[in-house]
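Peer 1: First the structure, which I've put down as structure tokens, then a few questions once you've had a look.
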Amino acid sequence: MGKYIELQESIFSIFTTAGWISEGIKTYPSNFLATGTEGEFIRVNIVPSGGSVNGHSVSGILIIEIYTPANEGPKRSSEIADVLDKHFSMKSIATTAGITQLFASSMTPNGLDYANKSLVKSTVSLSFNHFRS
């Protein structure tokens with residue numbers, strides 16, 4: 001298995017845990033088109049952007065887009081960002097293929113979603129390093 005698949009499986013494994021599922025936040029991969037989606041959800045983008053300590057490792061940024069209903073204020077987006085911090089910020093995800101280290105998060109309010117004006121988008125970003133065992 002290659003480093004990019006290992007990285008993807010490592011990060012997506014968090015979304016299959018009982019802890020994440022109990023949060024009740026709809027979660028989709030980056031290629032999900034939000035057309036017609038109502039309510040809140042998140043979209044996960046894994047952006048490998050650099051080398052690491054060897055050819056089997058990779059660094060980059062995890063970008064999670066938070067979508068919440070417009071005209072309801074910023075509180076729910078911040079609550080979801082805090083939930084993401086609980087599961088991702090400063091965590092290490094160990095798998096049989098390696099380990100992914102995630103660092104501190106930052107949150108950016110982005111305003112109305114350009115594709116669906118009934119939603120507001122915020123972005124949570126976390127740097128990562130993925131090392132193959």
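Ordering of the structure tokens sets the chain letters (A, B, ...), residue numbers begin anew at 1 in every chain, and ligands are numbered from 1 in the order given.
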Can you pull out the residues contacting range 9-15 of chain A? Cut-off 8 Å, using only C-alpha atoms, and skip same-chain residues under 5 positions away; I want them as a PDB file with C-alpha atoms, in the first residue's frame.

Peer 2:
ATOM      1  CA  TRP A  20     -17.068  10.273  16.204  1.00  0.00           C
ATOM      2  CA  ILE A  21     -20.296   8.549  15.175  1.00  0.00           C
ATOM      3  CA  THR A  27     -19.217  13.714   7.246  1.00  0.00           C
ATOM      4  CA  HIS A  87     -10.930  14.138  17.876  1.00  0.00           C
ATOM      5  CA  ILE A  93      -3.329   8.012  14.762  1.00  0.00           C
ATOM      6  CA  ALA A  94      -1.500   4.697  14.761  1.00  0.00           C
ATOM      7  CA  THR A  95      -2.362   1.998  12.206  1.00  0.00           C
ATOM      8  CA  ILE A  99       1.412   6.787  12.267  1.00  0.00           C
ATOM      9  CA  THR A 100      -0.154  10.136  11.432  1.00  0.00           C
TER      10      THR A 100
END

Peer 1: Going by DSSP on the backbone, which residues of range 2-131 of chain A come out as strand (DSSP E)? List them as a ChimeraX atom specification.

Peer 2: /A:27-29,41-50,58-69,92-94,98-112,119-131

Peer 1: Would you write out those residues with C-alpha atoms, as a PDB file, in the first residue's frame?

Peer 2:
ATOM      1  CA  THR A  27     -19.217  13.714   7.246  1.00  0.00           C
ATOM      2  CA  TYR A  28     -18.302  13.545   3.559  1.00  0.00           C
ATOM      3  CA  PRO A  29     -15.071  13.252   1.549  1.00  0.00           C
ATOM      4  CA  PHE A  41     -22.299  18.743   7.600  1.00  0.00           C
ATOM      5  CA  ILE A  42     -18.527  18.660   7.176  1.00  0.00           C
ATOM      6  CA  ARG A  43     -16.382  17.900   4.133  1.00  0.00           C
ATOM      7  CA  VAL A  44     -12.884  16.440   4.631  1.00  0.00           C
ATOM      8  CA  ASN A  45      -9.938  17.363   2.389  1.00  0.00           C
ATOM      9  CA  ILE A  46      -6.542  15.715   2.866  1.00  0.00           C
ATOM     10  CA  VAL A  47      -3.841  17.748   1.116  1.00  0.00           C
ATOM     11  CA  PRO A  48      -0.451  16.049   1.047  1.00  0.00           C
ATOM     12  CA  SER A  49       1.936  18.839   0.167  1.00  0.00           C
ATOM     13  CA  GLY A  50       5.460  17.907   1.039  1.00  0.00           C
ATOM     14  CA  VAL A  58       4.441  12.716   3.729  1.00  0.00           C
ATOM     15  CA  SER A  59       3.433  15.981   5.370  1.00  0.00           C
ATOM     16  CA  GLY A  60       0.564  18.284   4.542  1.00  0.00           C
ATOM     17  CA  ILE A  61      -2.636  19.830   5.804  1.00  0.00           C
ATOM     18  CA  LEU A  62      -6.032  18.456   6.725  1.00  0.00           C
ATOM     19  CA  ILE A  63      -8.748  20.906   5.723  1.00  0.00           C
ATOM     20  CA  ILE A  64     -12.223  20.316   7.091  1.00  0.00           C
ATOM     21  CA  GLU A  65     -15.007  22.522   5.757  1.00  0.00           C
ATOM     22  CA  ILE A  66     -17.884  23.073   8.180  1.00  0.00           C
ATOM     23  CA  TYR A  67     -21.291  23.907   6.691  1.00  0.00           C
ATOM     24  CA  THR A  68     -24.064  25.219   8.929  1.00  0.00           C
ATOM     25  CA  PRO A  69     -27.386  26.974   8.199  1.00  0.00           C
ATOM     26  CA  SER A  92      -1.523  10.650  16.778  1.00  0.00           C
ATOM     27  CA  ILE A  93      -3.329   8.012  14.762  1.00  0.00           C
ATOM     28  CA  ALA A  94      -1.500   4.697  14.761  1.00  0.00           C
ATOM     29  CA  GLY A  98       2.256   3.760  10.181  1.00  0.00           C
ATOM     30  CA  ILE A  99       1.412   6.787  12.267  1.00  0.00           C
ATOM     31  CA  THR A 100      -0.154  10.136  11.432  1.00  0.00           C
ATOM     32  CA  GLN A 101       0.594  13.049  13.747  1.00  0.00           C
ATOM     33  CA  LEU A 102      -1.831  15.963  13.696  1.00  0.00           C
ATOM     34  CA  PHE A 103      -0.954  19.367  15.107  1.00  0.00           C
ATOM     35  CA  ALA A 104      -2.956  22.317  16.502  1.00  0.00           C
ATOM     36  CA  SER A 105      -5.925  23.558  14.525  1.00  0.00           C
ATOM     37  CA  SER A 106      -6.980  26.949  13.262  1.00  0.00           C
ATOM     38  CA  MET A 107     -10.493  28.003  12.254  1.00  0.00           C
ATOM     39  CA  THR A 108     -11.427  30.492   9.546  1.00  0.00           C
ATOM     40  CA  PRO A 109     -14.993  31.769   8.986  1.00  0.00           C
ATOM     41  CA  ASN A 110     -15.569  31.952   5.216  1.00  0.00           C
ATOM     42  CA  GLY A 111     -19.090  33.436   4.989  1.00  0.00           C
ATOM     43  CA  LEU A 112     -21.893  32.245   2.736  1.00  0.00           C
ATOM     44  CA  LEU A 119     -25.289  27.614   4.188  1.00  0.00           C
ATOM     45  CA  VAL A 120     -22.335  29.305   5.871  1.00  0.00           C
ATOM     46  CA  LYS A 121     -18.883  27.778   5.515  1.00  0.00           C
ATOM     47  CA  SER A 122     -16.024  27.778   8.008  1.00  0.00           C
ATOM     48  CA  THR A 123     -12.715  25.980   7.597  1.00  0.00           C
ATOM     49  CA  VAL A 124     -10.657  24.116  10.184  1.00  0.00           C
ATOM     50  CA  SER A 125      -7.045  23.392   9.179  1.00  0.00           C
ATOM     51  CA  LEU A 126      -4.535  21.067  10.837  1.00  0.00           C
ATOM     52  CA  SER A 127      -0.995  20.321   9.699  1.00  0.00           C
ATOM     53  CA  PHE A 128       0.085  16.682   9.730  1.00  0.00           C
ATOM     54  CA  ASN A 129       3.023  14.353   9.283  1.00  0.00           C
ATOM     55  CA  HIS A 130       2.498  10.751   8.197  1.00  0.00           C
ATOM     56  CA  PHE A 131       5.244   8.184   8.763  1.00  0.00           C
TER      57      PHE A 131
END

Peer 1: What parts of chain A does DSSP call helix (DSSP H, G or I)? I'd like the answer as JSON, numbers by chain.

Peer 2: {"A": [3, 4, 5, 6, 7, 8, 9, 10, 11, 12, 13, 14, 18, 19, 20, 21, 75, 76, 77, 78, 79, 80, 81, 82, 83, 84, 85, 86, 87, 88]}

Peer 1: For Ile25 in chain A, which residue among A:Glu6, A:Asp113, A:Glu40, A:Glu79 is the nearest when counting only C-alpha atoms?

Peer 2: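 Comparing A:Glu6, A:Asp113, A:Glu40, A:Glu79 against Ile25 in chain A, the winner is A:Glu40.
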
Peer 1: Just give me the gap between CA of Gly39 in chain A and CA of Arg76 in chain A in Å, one decimal is fine.

Peer 2: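 Atom-to-atom, CA of Gly39 in chain A to CA of Arg76 in chain A, that is 11.2 Å.
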